[in-house]
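Heads up, the thing below is written out as structure tokens.
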Amino acid sequence: MKPLTMIRSRTAVLAHENIDTDRIIPARFLTTTQREGLGRYAFHDWRYRADGSLDPSFALNKPNAKGCEILIAGRNFGCGSSREHAPWALLDYGFRAVLCSEIADIFRSNALRNGLLAVVLSEAEHKYLLKHPGIELAIDVAAGTIELPDGGRFRFEIDDFARHCLLRGVDQLGFLQQHTAQIDAFEARRETRA
Amino acid sequence: MSTKPRTLLDKLWDAHQVVAETAATPGILYIDLHLIHEVTTPQAFAELRQRGLSVRRPERVLATLDHSTPTSPRDQQGQHVYATAEAAAQVEQLETNCMQFGIRLHGWSSQHRGIVHVIGPELGATQPGMTIVCGDSHTSTHGAFGALAFGIGTTEVGHVLATQCLLQRKPRNFAITVDGKLAPGVTAKDLALHLIGKIGVNGGTGHVLEYRGSAIAALDMEQRMTLCNMSIEAGARAGLIAPDETTFAYLQGRPQAPKGEAWDSAVATWRELHSDDGARFDRELRFDAADVRPTISYGTHPGMVTTLHAPVPAAKDLQERRALEYMHVEAGKPMTGMPVDIVFLGSCTNSRIGDLRAAAELLRGRKIASSVRMLVVPGSVAVQREAEHEGLDQVFRAAGAEWREPGCSMCIGMNGDIARPGQLVVSTSNRNFEGRQGPGARTVLASPLVAAACALAGRIADPRDYAMNGTEQAA
């Protein structure tokens, strides 16, 4: 995972509530054995019409959404399945942060483990961002702040460990392996008890 | 040891904590049973290979094929008919991974192959007091046995393969108490949909739901699995039910259940697995089972539900208006009477023998509507064999339904079992998201009984309008 410290980008807004992981990447694209190149399937059935052509009315297909790295989504983003293909697809598409008033548990955990900043804001802050699509934000992961173009500033909370991992690009499997002695001891304790 | 009253979740958590969590770091939680399937594991095995790692405890991994597998019979050359070459390659990849890493796979030749959340309990691999994970959100199913069971992502699958542990922060406790009795014809599926309608699709976020009360105690294990299975649809990390005599009776004698003295000592330990009197829950909800009626979904998430004959509620916002439009549903009118194209009986929610028996009972001696295609997909080879032994396959076939091979099938539509755009599917599965059962497909979630009634009527219908044993009560 590459370190993630600052994100400066305009926002793209998908105001729909409860955007589920089937919406983020439909199940028929999960037969892959790779994690790369899934961006082409992100929001596939919204981006493309049944005949395969781009749907120009979809928010992410509009010219001003091009290159946006920050997604502002309606409440309860990422609900549904545990597929990690959802954050993989969003990252490959070009997003680096999802801001929302509520984010589903498994999606949030998957996103943070892959360097996609998934952040929960207050209802009022969330509403403001939904109503102002395309504004330029500066997200400082270390400080936990989001700077608005008018000089305003939102603060966000994020788990200390998740922040540490994002900032340093920490390898969590490596971190777990540093505890092998404790895991051995735990297994040994349980086996003597049994 | 502290004498503070603990919840069931507290007890399970404490017993598996390798390293306690702090403000700076999550805890390290030991995992007893790791279920794996072909879809969410290839990238995890690739990671192990890249790092030169082995699987720490292969005997704690249970592997099967379920999502990408065809449910049609083999072709004339004896080959499986995959939807795509990629699906076939994914299955082959898991076969290779299991062979190379020493994991036992319940693959094509196994008498125990099936949906991962059906075979775990069936084999007795799922046991009270365990921690169980799988790269699949419906892992919550196993909470029915008093195991802490939850879905994880593929990166975490790699963590468990390599270390048998996960980095986790403890979820909060949410007690759902249901007293009273479910009315005849009202099932755990109706109870689950009713609950999600009450607390919403995000009502359980950050929590483990512990189901308690006399109505829960009265459920058999299959019904408990259905209820716990749907916990994730309320956004919960997991569902839990304290093990009791019903649980022990279900498990005794299963292939991987403890035997002899080990069984007695296991049961003695399992009896301690309940929330203590006075244990503190972060949230509590209580309702009476008599309030629950046959419930179906009308919108595009499992919180948009209504009872069979009640008018569909008016849309509260743009979101709900869009959902009604997508579903071709009109607010103010009941769902009953809406024409149905497909009925799907299956999935990790409702594909067990009890589900098939309930539906077959209604279909026995009757014909499904000629306009309806009905797929019956048993949850496992064992369910399939048992149903065939009881002659249920004949009941389904005689009624005009398709009796198919086990798998996830149309619940997720990864194997080619999908509906065409605009078709209405009455489905015993768990998710009615837009396009879940095929692009443009419309899904109505229902119990097996309601699904069977819909197949007969060719419309959304009430099973209580059909008397059992083939005599029509009402037209």
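Chain labels run A, B, ... following the order of the structure tokens; each chain numbers its residues from 1, and ligands are numbered from 1 in the order shown.
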Chain A contacts to chain B at 9 Å (only C-alpha atoms) as number ranges by chain: A: 16-18, 20, 22-23, 26-35, 45, 50, 76, 79-85, 102-107, 109-110, 113-114, 159-162, 164, 172-173, 176-177, 179-180, 182-183, 185-187
Could you write those residues out with C-alpha atoms, as a PDB file, in the first residue's frame?
ATOM      1  CA  HIS A  16     -27.998   8.171  -3.935  1.00  0.00           C
ATOM      2  CA  GLU A  17     -28.347   6.652  -0.499  1.00  0.00           C
ATOM      3  CA  ASN A  18     -27.442   3.022   0.235  1.00  0.00           C
ATOM      4  CA  ASP A  20     -24.459  -1.137  -2.391  1.00  0.00           C
ATOM      5  CA  ASP A  22     -23.358  -4.657  -6.357  1.00  0.00           C
ATOM      6  CA  ARG A  23     -23.834  -1.105  -7.647  1.00  0.00           C
ATOM      7  CA  PRO A  26     -21.739  -5.903 -10.317  1.00  0.00           C
ATOM      8  CA  ALA A  27     -21.214  -9.530  -9.281  1.00  0.00           C
ATOM      9  CA  ARG A  28     -20.801 -10.758 -12.855  1.00  0.00           C
ATOM     10  CA  PHE A  29     -17.363  -9.080 -12.919  1.00  0.00           C
ATOM     11  CA  LEU A  30     -16.161 -10.942  -9.829  1.00  0.00           C
ATOM     12  CA  THR A  31     -15.021 -14.045 -11.700  1.00  0.00           C
ATOM     13  CA  THR A  32     -11.623 -12.390 -12.079  1.00  0.00           C
ATOM     14  CA  THR A  33      -8.638 -13.769 -10.196  1.00  0.00           C
ATOM     15  CA  GLN A  34      -6.839 -10.386 -10.366  1.00  0.00           C
ATOM     16  CA  ARG A  35      -7.190  -7.231  -8.323  1.00  0.00           C
ATOM     17  CA  ASP A  45     -24.517  -0.439 -14.799  1.00  0.00           C
ATOM     18  CA  ALA A  50     -27.715  -1.776 -21.919  1.00  0.00           C
ATOM     19  CA  ASN A  76     -24.764   4.319   3.984  1.00  0.00           C
ATOM     20  CA  CYS A  79     -23.633  -1.661   2.071  1.00  0.00           C
ATOM     21  CA  GLY A  80     -24.123  -5.284   1.018  1.00  0.00           C
ATOM     22  CA  SER A  81     -21.438  -7.788   0.178  1.00  0.00           C
ATOM     23  CA  SER A  82     -17.888  -8.049   1.530  1.00  0.00           C
ATOM     24  CA  ARG A  83     -16.271  -7.934  -1.933  1.00  0.00           C
ATOM     25  CA  GLU A  84     -12.953  -6.107  -1.775  1.00  0.00           C
ATOM     26  CA  HIS A  85     -13.366  -5.691  -5.527  1.00  0.00           C
ATOM     27  CA  GLU A 102     -22.366   6.804   7.155  1.00  0.00           C
ATOM     28  CA  ILE A 103     -20.328   4.000   5.583  1.00  0.00           C
ATOM     29  CA  ALA A 104     -21.012   0.250   5.837  1.00  0.00           C
ATOM     30  CA  ASP A 105     -18.588  -1.619   8.139  1.00  0.00           C
ATOM     31  CA  ILE A 106     -16.991  -4.183   5.824  1.00  0.00           C
ATOM     32  CA  PHE A 107     -16.606  -1.739   2.940  1.00  0.00           C
ATOM     33  CA  SER A 109     -12.514  -1.756   6.573  1.00  0.00           C
ATOM     34  CA  ASN A 110     -11.680  -3.002   3.066  1.00  0.00           C
ATOM     35  CA  ARG A 113      -6.753  -1.496   4.114  1.00  0.00           C
ATOM     36  CA  ASN A 114      -6.231  -0.588   0.460  1.00  0.00           C
ATOM     37  CA  ASP A 159      -9.147   5.119  13.763  1.00  0.00           C
ATOM     38  CA  ASP A 160      -5.583   5.857  14.963  1.00  0.00           C
ATOM     39  CA  PHE A 161      -4.215   2.623  13.563  1.00  0.00           C
ATOM     40  CA  ALA A 162      -5.933   3.110  10.196  1.00  0.00           C
ATOM     41  CA  HIS A 164      -1.024   5.364  10.905  1.00  0.00           C
ATOM     42  CA  GLN A 172      -0.829  -4.975   8.035  1.00  0.00           C
ATOM     43  CA  LEU A 173       0.068  -8.598   7.347  1.00  0.00           C
ATOM     44  CA  LEU A 176       0.373  -9.299  12.342  1.00  0.00           C
ATOM     45  CA  GLN A 177       3.424 -11.466  11.674  1.00  0.00           C
ATOM     46  CA  HIS A 179       3.026 -11.062  16.800  1.00  0.00           C
ATOM     47  CA  THR A 180       3.736 -14.669  15.832  1.00  0.00           C
ATOM     48  CA  GLN A 182       1.877 -14.296  20.954  1.00  0.00           C
ATOM     49  CA  ILE A 183      -0.162 -16.329  18.456  1.00  0.00           C
ATOM     50  CA  ALA A 185       1.475 -18.888  22.916  1.00  0.00           C
ATOM     51  CA  PHE A 186      -2.284 -18.450  22.492  1.00  0.00           C
ATOM     52  CA  GLU A 187      -2.558 -21.711  20.555  1.00  0.00           C
TER      53      GLU A 187
END
Please list as an NGL selection string every residue within 7 Å of Arg10 (chain A), counting only C-alpha atoms and excluding residues in the same chain fewer than 4 positions away. :A and (68-70 or 134-137)
Give me the residues within 12 Å of Pro406 (chain B) as a PyMOL selection string, counting only C-alpha atoms and dropping any in the same chain fewer than 4 places off. chain B and resi 64-73+107-108+111-116+118-119+345-348+351-352+375-385+387+410+415
So that I can check the surroundings of Phe145 (chain B), please list as a PyMOL selection string every protein, DNA and RNA residue that reaches within 10 Å of it, counting only C-alpha atoms and ignoring chain neighbours fewer than 6 positions away. chain B and resi 121+126-130+221+224-225+228+239-244+246-248+250-251+270
From A:Gly115, A:Gly37, A:Phe58, A:Ser53, residue lying nearest Gly169 (chain A) [only C-alpha atoms]: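 Checking each of A:Gly115, A:Gly37, A:Phe58, A:Ser53 against Gly169 (chain A), counting only C-alpha atoms, the winner is A:Gly115.
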Return the single residue from A:Cys100, A:Ala188, A:Leu91, A:Ala73 that is closest to Phe156 (chain A), with distances computed using only C-alpha atoms.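 Using only C-alpha atoms, Phe156 (chain A) sits closest to A:Cys100.
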Would you return as a ChimeraX atom specification the members of region 111-278 of chain B that DSSP assigns to strand (DSSP E or B) on this structure's backbone? /B:114,131-134,148-151,165-168,172-179,205,207-212,236,238-240
Please identify which residues in region 11-153 of chain A DSSP calls alpha helix (DSSP H) from the backbone, and express them as a ChimeraX atom specification. /A:21-24,44-47,85-93,105-113,123-131
Can I get the selection written as a compact mmCIF listing (two decimals), in the first residue's frame, with C-alpha atoms?
# COMPACT_ATOMS: atom_id res chain seq x y z
CA THR A 21 -21.39 -3.04 -3.50
CA ASP A 22 -23.36 -4.66 -6.36
CA ARG A 23 -23.83 -1.10 -7.65
CA ILE A 24 -20.13 -0.29 -7.17
CA HIS A 44 -20.74 -0.21 -14.55
CA ASP A 45 -24.52 -0.44 -14.80
CA TRP A 46 -24.86 3.29 -14.13
CA ARG A 47 -22.05 4.35 -16.44
CA HIS A 85 -13.37 -5.69 -5.53
CA ALA A 86 -15.44 -2.59 -4.61
CA PRO A 87 -12.55 -0.51 -3.21
CA TRP A 88 -10.19 -2.05 -5.82
CA ALA A 89 -12.53 -0.81 -8.58
CA LEU A 90 -12.91 2.66 -7.05
CA LEU A 91 -9.13 3.06 -6.61
CA ASP A 92 -8.41 1.85 -10.13
CA TYR A 93 -11.05 4.24 -11.44
CA ASP A 105 -18.59 -1.62 8.14
CA ILE A 106 -16.99 -4.18 5.82
CA PHE A 107 -16.61 -1.74 2.94
CA ARG A 108 -14.93 0.81 5.21
CA SER A 109 -12.51 -1.76 6.57
CA ASN A 110 -11.68 -3.00 3.07
CA ALA A 111 -11.24 0.55 1.75
CA LEU A 112 -8.86 1.65 4.50
CA ARG A 113 -6.75 -1.50 4.11
CA GLU A 123 -24.90 15.14 8.65
CA ALA A 124 -24.52 18.92 8.19
CA GLU A 125 -21.05 18.68 6.64
CA HIS A 126 -22.17 15.81 4.43
CA LYS A 127 -25.20 17.79 3.28
CA TYR A 128 -22.99 20.77 2.42
CA LEU A 129 -20.71 18.63 0.26
CA LEU A 130 -23.66 16.93 -1.47
CA LYS A 131 -25.04 20.37 -2.34
What's the separation between CA of Gly174 (chain A) and CA of Glu47 (chain B), in Å to one decimal place?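 Taking CA of Gly174 (chain A) as the start and CA of Glu47 (chain B) as the end point, the length is 12.0 Å.
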Which residues come within 10 Å of Leu195 (chain B), counting only C-alpha atoms, excluding same-chain residues fewer than 6 positions away, as an mmCIF file with N, CA and C atoms, in the first residue's frame?
data_model
loop_
_atom_site.group_PDB
_atom_site.id
_atom_site.type_symbol
_atom_site.label_atom_id
_atom_site.label_comp_id
_atom_site.auth_asym_id
_atom_site.auth_seq_id
_atom_site.Cartn_x
_atom_site.Cartn_y
_atom_site.Cartn_z
ATOM 1 N N ILE B 176 -31.738 -7.912 20.472
ATOM 2 C CA ILE B 176 -33.046 -7.909 19.817
ATOM 3 C C ILE B 176 -33.861 -8.996 20.514
ATOM 4 N N LYS B 189 -37.809 -15.963 7.930
ATOM 5 C CA LYS B 189 -37.546 -15.005 6.856
ATOM 6 C C LYS B 189 -38.422 -13.781 7.025
ATOM 7 N N VAL B 201 -31.641 -0.592 6.854
ATOM 8 C CA VAL B 201 -30.503 -1.344 6.312
ATOM 9 C C VAL B 201 -29.176 -0.909 6.938
ATOM 10 N N GLY B 203 -29.353 -0.040 10.346
ATOM 11 C CA GLY B 203 -29.723 -0.035 11.764
ATOM 12 C C GLY B 203 -28.772 -0.804 12.655
ATOM 13 N N LEU B 227 -32.427 -16.311 10.028
ATOM 14 C CA LEU B 227 -32.491 -15.032 10.736
ATOM 15 C C LEU B 227 -31.097 -14.410 10.859
ATOM 16 N N MET B 230 -29.539 -12.899 7.648
ATOM 17 C CA MET B 230 -30.026 -11.592 7.191
ATOM 18 C C MET B 230 -29.513 -10.437 8.070
ATOM 19 N N SER B 231 -28.758 -10.731 9.127
ATOM 20 C CA SER B 231 -28.262 -9.671 10.022
ATOM 21 C C SER B 231 -27.452 -8.631 9.251
ATOM 22 N N ALA B 234 -29.151 -5.706 7.740
ATOM 23 C CA ALA B 234 -29.411 -4.557 8.614
ATOM 24 C C ALA B 234 -28.094 -3.833 8.901
ATOM 25 N N LEU B 285 -33.777 -3.653 21.591
ATOM 26 C CA LEU B 285 -35.062 -3.526 20.900
ATOM 27 C C LEU B 285 -35.882 -4.754 21.263
ATOM 28 N N PHE B 287 -39.763 -6.660 20.559
ATOM 29 C CA PHE B 287 -41.105 -6.673 19.963
ATOM 30 C C PHE B 287 -41.701 -8.056 20.081
ATOM 31 N N VAL B 292 -45.511 -10.008 13.670
ATOM 32 C CA VAL B 292 -44.880 -10.331 12.387
ATOM 33 C C VAL B 292 -45.875 -11.060 11.488
ATOM 34 N N GLY B 303 -34.633 -3.167 3.383
ATOM 35 C CA GLY B 303 -35.385 -2.435 4.399
ATOM 36 C C GLY B 303 -36.713 -1.933 3.855
ATOM 37 N N VAL B 305 -39.821 -2.980 2.949
ATOM 38 C CA VAL B 305 -40.653 -4.178 3.059
ATOM 39 C C VAL B 305 -42.082 -3.817 3.426
#
Find, counting only C-alpha atoms, the residue in B:Asn350, B:Ala63, B:Ile132, B:Ser54 that gets nearest to Asn229 (chain B). B:Asn350
Just the residues within 12 Å of region 340-343 of chain B, please, counting only C-alpha atoms, with nothing from its chain fewer than 5 positions along; format it as number ranges by chain. B: 327, 335, 359, 368-377, 400-402, 410-411, 417-429, 437, 441-461
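We find CA of Ala188 (chain B) and CA of Gln223 (chain B) to be spaced 5.3 Å apart.
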Which residues are close to Glu157 (chain A), i.e. within 8 Å by only C-alpha atoms, leaving aside same-chain residues fewer than 2 positions away? Reply as a PyMOL selection string. chain A and resi 119-120+144+155+159
